[in-house]
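Visitor: My questions will all concern the structure given below.
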Amino acid sequence: MSLLLPETGLVFWMLIAFLIVFFILAKWGWPVITRMAEKRANYIKDSLESAKETNRKLAEIKVEAKDILDNAREQQSKMLKEAAISRDKIINEAKLQAIEESKKIVEDAGRKIQIERENMLSEMRVQVADLSVSIAEKVIRHELAKDEAQMQVINKMLDEIKTFN
Amino acid sequence: MKIRFFVSVLLCLFFTVPVFAEETAEEGDKLNVSKLIFEHTGDSYEWHMFSIGEKDIAIPLPLILISKTTGIHAFMSSKLEETGSFAGFTYGSEEGKYAGKMVEINADGEEMRPFDMSITKNVLGIFINCALLLWIVLSVARWYKKNPDGVPKGFRGIVDLLIMDVNDNIIKCCVGENYRKFAPYLLTAFFFIFLSNIIGLVPIFPGGANITGNIAVTFTLAMMTFIMVNVFGTKEYWKDILWPDVPIFLKAPAPIMPIIELFGIFTKPFALMVRLFANILAGHAIVIGLCCLVFITASMGAAVNGSMTFVSVLFMVFMDCLELLVAYIQAYVFTMLSSVFIGLAQAKAIKKRLTINN
């Protein structure tokens with residue numbers, strides 16, 4: 001039966017020991033540990049939340065970046081297309097201009113050649129005339145060295161004038 | 001860390017065998033198992049370690065006895081070794097009320113119990129336990145102060161984990177929103193019980209005292225829960241006890257429900273007290289009983305004794321593993337029920353349905 005009856009002395013010492021432990025731990029033990037652990041738990045929670053937020057933002061940024069990239073690509077292809085069109089246009093224009101220019105050059109050249117030729121021809125005519133005159137002079141001078149021949153020519157010329165008249 | 005501890009507990013278990021072997025020798029031929037069990041689970045004035053031959057090796061402990069007639073007496077238990085009595089105090093007779101306790105014989109030849117403040121085996125066990133508890137918890141707290149942003153590792157990590165588990169999963173859930181006020185008491189109670197249970201399983205010196213298997217200890221713990229529940233109980237809690245929400249004929253003119261409720265105030269801590277005490281005592285008793293099996297079968301021949309020794313050691317290992325589990329479960333149950341009782345006493349008035357519907 002003594003097993004079931006609390007011993008007063010033991011209760012007394014138990015009470016004292018337990019209360020001392022309780023007060024010491026309530027002041028310097030448990031609150032420190034639980035506060036730190038809660039702080040840590042909160043920190044982990046906050047970190048997880050901020051990580052989630054960051055991930056969300058990152059996903060948004062990725063979408064945005066994709067949009068930007070798509071836009072850029074679209075613009076690029078548009079620009080390329082425009083460039084190709086304008087290039088073709090420029091080339092065509094240049095071709096046309098070149099053709100015209102070349103035509104003009106050819107024409108000019110033709111005209112110049114014509115003029116040159118005419119000039120040459122007239123010069124040549126003058127020279128030919130001069131040459132023929134000098135040749136004629138020489139021939140005539142040579143012929144007229146003899147009197148009879150002089151007379152013959154004079155006669156002939158006179159004849160010619162007569163017939164001309 | 002944990003495994004090393006577990007192994008050491010198991011190793012200690014095997015040391016118990018020679019201890020018992022010596023004791024049976026002094027008992028003579030007949031082995032009184034129930035006496036042995038109660039001797040080992042009960043309190044004593046000295047801390048018996050082991051015996052060498054006829055000689056008992058025990059740590060002497062101080063006795064402090066306050067007699068109504070002769071005043072305060074303090075002496076060491078070693079003084080009792082020779083005759084079993086000293087300064088007019090003697091052991092109570094085996095048949096009497098005070099068997100194994102110090103008594104003084106008055107003029108009529110009756111045994112009178114002095115006020116016994118002795119530092120007995122259990123008291124020393126409690127002191128050792130408290131010192132250990134303080135050291136463990138304060139070392140973790142100090143570590144946290146030094147490393148405010150750190151995460152404790154190793155043994156401190158386990159202690160921290162256990163503290164936060166009890167704090168979050170028992171106290172916070174069961175007490176409710178103002179759990180912070182009660183957490184220090186409940187944590188102290190949990191770790192005191194848990195540590196006592198564990199140390200109680202170690203059969204050699206600083207362990208072995210059956211602290212939580214002693215009714216005085218569980219009585220004190222239950223009493224403190226009782227105080228925590230009723231001193232900090234809200235108005236609503238007392239209203240629920242004295243004027244509960246039941247049909248009027250149940251509370252007036254004869255206050256049937258209030259009486260039942262008032263009775264319930266005392267049964268709750270009583271249940272706490274008995275549950276812890278009985279569980280731990282039973283565990284210790286079974287382990288010792290299994291150990292005794294070795295010596296009971298000693299006279300039955302080598303074959304029987306050998307096989308029974310094997311079986312009982314196997315069972316003791318099993319029981320000690322079970323007791324490790326029980327050590328935690330009982331601490332858990334005590335703390336959880338205390339939390340629940342405290343939580344119930346923190347009741348707040350339930351708003352009337354009418355206001356909700358509106």
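In the structure tokens, chains take the letters A, B, ... in the order shown, each chain's residues start at 1, and ligands count up from 1 in the order shown.
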Identify every residue of chain B that has at least one atom within 6 Å of any atom of chain A, counting only C-alpha atoms, and report the result as a PyMOL selection string.
Guide: chain B and resi 116-117+137-138+141+184+215-216
Visitor: The selected residues should be written to file as a tab-separated table (two decimals), in the first residue's frame (atoms: N, CA and C atoms).
Guide:
chain	number	residue	atom	x	y	z
B	116	ASP	N	9.71	13.17	7.16
B	116	ASP	CA	10.90	12.60	6.53
B	116	ASP	C	11.33	13.46	5.34
B	117	MET	N	12.39	14.21	5.54
B	117	MET	CA	12.88	15.08	4.46
B	117	MET	C	14.17	14.53	3.87
B	137	VAL	N	19.22	21.74	-21.75
B	137	VAL	CA	18.41	22.82	-22.34
B	137	VAL	C	19.19	24.13	-22.38
B	138	LEU	N	19.91	24.42	-21.28
B	138	LEU	CA	20.65	25.69	-21.27
B	138	LEU	C	21.80	25.67	-22.27
B	141	ALA	N	20.21	26.60	-25.43
B	141	ALA	CA	19.83	28.02	-25.40
B	141	ALA	C	21.07	28.90	-25.56
B	184	PRO	N	6.30	27.09	-21.22
B	184	PRO	CA	7.43	26.74	-20.34
B	184	PRO	C	7.10	25.62	-19.37
B	215	ILE	N	4.75	7.40	-7.03
B	215	ILE	CA	3.49	8.16	-7.00
B	215	ILE	C	3.69	9.59	-6.49
B	216	ALA	N	4.68	9.80	-5.64
B	216	ALA	CA	4.89	11.16	-5.11
B	216	ALA	C	5.28	12.11	-6.23
Visitor: Work out how far CA of Asp165 (chain B) is from CA of Trp143 (chain B), in Å to one decimal.
Guide: 18.8 Å
Visitor: Hey, what's within 9 Å of Ile57 (chain B) if we count only C-alpha atoms and toss same-chain stuff fewer than 3 positions away? As a PyMOL selection string, please?
Guide: chain B and resi 47-52
Visitor: Taking the backbone alone, and naming residues the way the document does, which bits of region 52-287 of chain B are strand (DSSP E) by DSSP, as a VMD selection string?
Guide: chain B and resid 52 55 to 60 62 to 67 71 to 76 85 to 86 89 to 91 102 to 105 111 to 112 115 to 116
Visitor: Could you pull out the residues in region 29-80 of chain B that DSSP calls helix (DSSP H, G or I) from the backbone, as a PyMOL selection string?
Guide: chain B and resi 33-41+77-80
Visitor: How about saving the chosen residues, N, CA, C and O atoms kept, as a tab-separated table (two decimals), in the first residue's frame?
Guide:
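After the write, part-v5.tsv holds the following:
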chain	number	residue	atom	x	y	z
B	33	VAL	N	10.53	-12.92	-5.21
B	33	VAL	CA	10.52	-12.07	-6.40
B	33	VAL	C	9.77	-10.77	-6.16
B	33	VAL	O	10.24	-9.69	-6.50
B	34	SER	N	8.60	-10.85	-5.54
B	34	SER	CA	7.80	-9.63	-5.37
B	34	SER	C	8.53	-8.64	-4.46
B	34	SER	O	8.52	-7.44	-4.69
B	35	LYS	N	9.19	-9.18	-3.44
B	35	LYS	CA	9.94	-8.29	-2.54
B	35	LYS	C	11.07	-7.61	-3.31
B	35	LYS	O	11.30	-6.41	-3.18
B	36	LEU	N	11.75	-8.42	-4.13
B	36	LEU	CA	12.85	-7.91	-4.93
B	36	LEU	C	12.37	-6.78	-5.85
B	36	LEU	O	12.98	-5.72	-5.97
B	37	ILE	N	11.23	-7.05	-6.47
B	37	ILE	CA	10.70	-6.06	-7.41
B	37	ILE	C	10.36	-4.76	-6.68
B	37	ILE	O	10.74	-3.67	-7.11
B	38	PHE	N	9.69	-4.89	-5.54
B	38	PHE	CA	9.30	-3.67	-4.84
B	38	PHE	C	10.49	-2.95	-4.25
B	38	PHE	O	10.50	-1.73	-4.17
B	39	GLU	N	11.51	-3.73	-3.86
B	39	GLU	CA	12.73	-3.09	-3.38
B	39	GLU	C	13.37	-2.25	-4.48
B	39	GLU	O	13.85	-1.15	-4.24
B	40	HIS	N	13.36	-2.82	-5.69
B	40	HIS	CA	14.06	-2.14	-6.77
B	40	HIS	C	13.28	-1.00	-7.39
B	40	HIS	O	13.86	-0.06	-7.91
B	41	THR	N	11.95	-1.11	-7.35
B	41	THR	CA	11.16	-0.03	-7.93
B	41	THR	C	10.86	1.04	-6.88
B	41	THR	O	10.46	2.14	-7.22
B	77	SER	N	23.14	7.64	5.73
B	77	SER	CA	22.52	6.31	5.78
B	77	SER	C	23.54	5.23	6.16
B	77	SER	O	23.15	4.15	6.60
B	78	SER	N	24.84	5.54	6.02
B	78	SER	CA	25.85	4.54	6.37
B	78	SER	C	25.81	4.21	7.86
B	78	SER	O	26.22	3.12	8.27
B	79	LYS	N	25.26	5.14	8.65
B	79	LYS	CA	25.14	4.91	10.09
B	79	LYS	C	24.15	3.77	10.38
B	79	LYS	O	24.19	3.15	11.45
B	80	LEU	N	23.26	3.53	9.43
B	80	LEU	CA	22.23	2.51	9.65
B	80	LEU	C	22.72	1.11	9.31
B	80	LEU	O	22.05	0.12	9.59
Visitor: Which residues come within 12 Å of Asn169 (chain B), counting only C-alpha atoms, excluding same-chain residues fewer than 3 positions away, as a list in words?
Guide: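 Listed by chain and then number, they are Leu161, Leu162, Ile163, Met164, Asp165, Val166, Lys172, Cys173, Cys174, Val175, Gly176, Tyr179, Ala183, Leu187, Tyr332, Thr335, Met336 and Ser339 of chain B.
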Visitor: Output the selection as a CSV table (one decimal), in the first residue's frame - C-alpha atoms for each residue.
Guide:
chain,number,residue,atom,x,y,z
B,161,LEU,CA,14.0,19.2,-32.9
B,162,LEU,CA,12.3,17.5,-29.9
B,163,ILE,CA,11.6,20.9,-28.2
B,164,MET,CA,10.1,22.3,-31.3
B,165,ASP,CA,8.1,19.2,-31.9
B,166,VAL,CA,6.6,19.3,-28.5
B,172,LYS,CA,0.4,24.8,-29.7
B,173,CYS,CA,-2.4,22.5,-31.0
B,174,CYS,CA,-3.9,21.6,-27.7
B,175,VAL,CA,-3.7,24.7,-25.6
B,176,GLY,CA,-4.8,27.1,-28.3
B,179,TYR,CA,-0.1,28.7,-25.6
B,183,ALA,CA,4.6,26.4,-22.9
B,187,LEU,CA,7.9,21.8,-21.9
B,332,TYR,CA,3.9,12.7,-24.7
B,335,THR,CA,2.0,16.7,-21.8
B,336,MET,CA,-0.7,16.4,-24.3
B,339,SER,CA,-2.3,20.8,-22.7
Visitor: Calculate how many Å separate CA of Phe295 (chain B) from CA of Leu314 (chain B), rounding to one decimal.
Guide: 15.4 Å
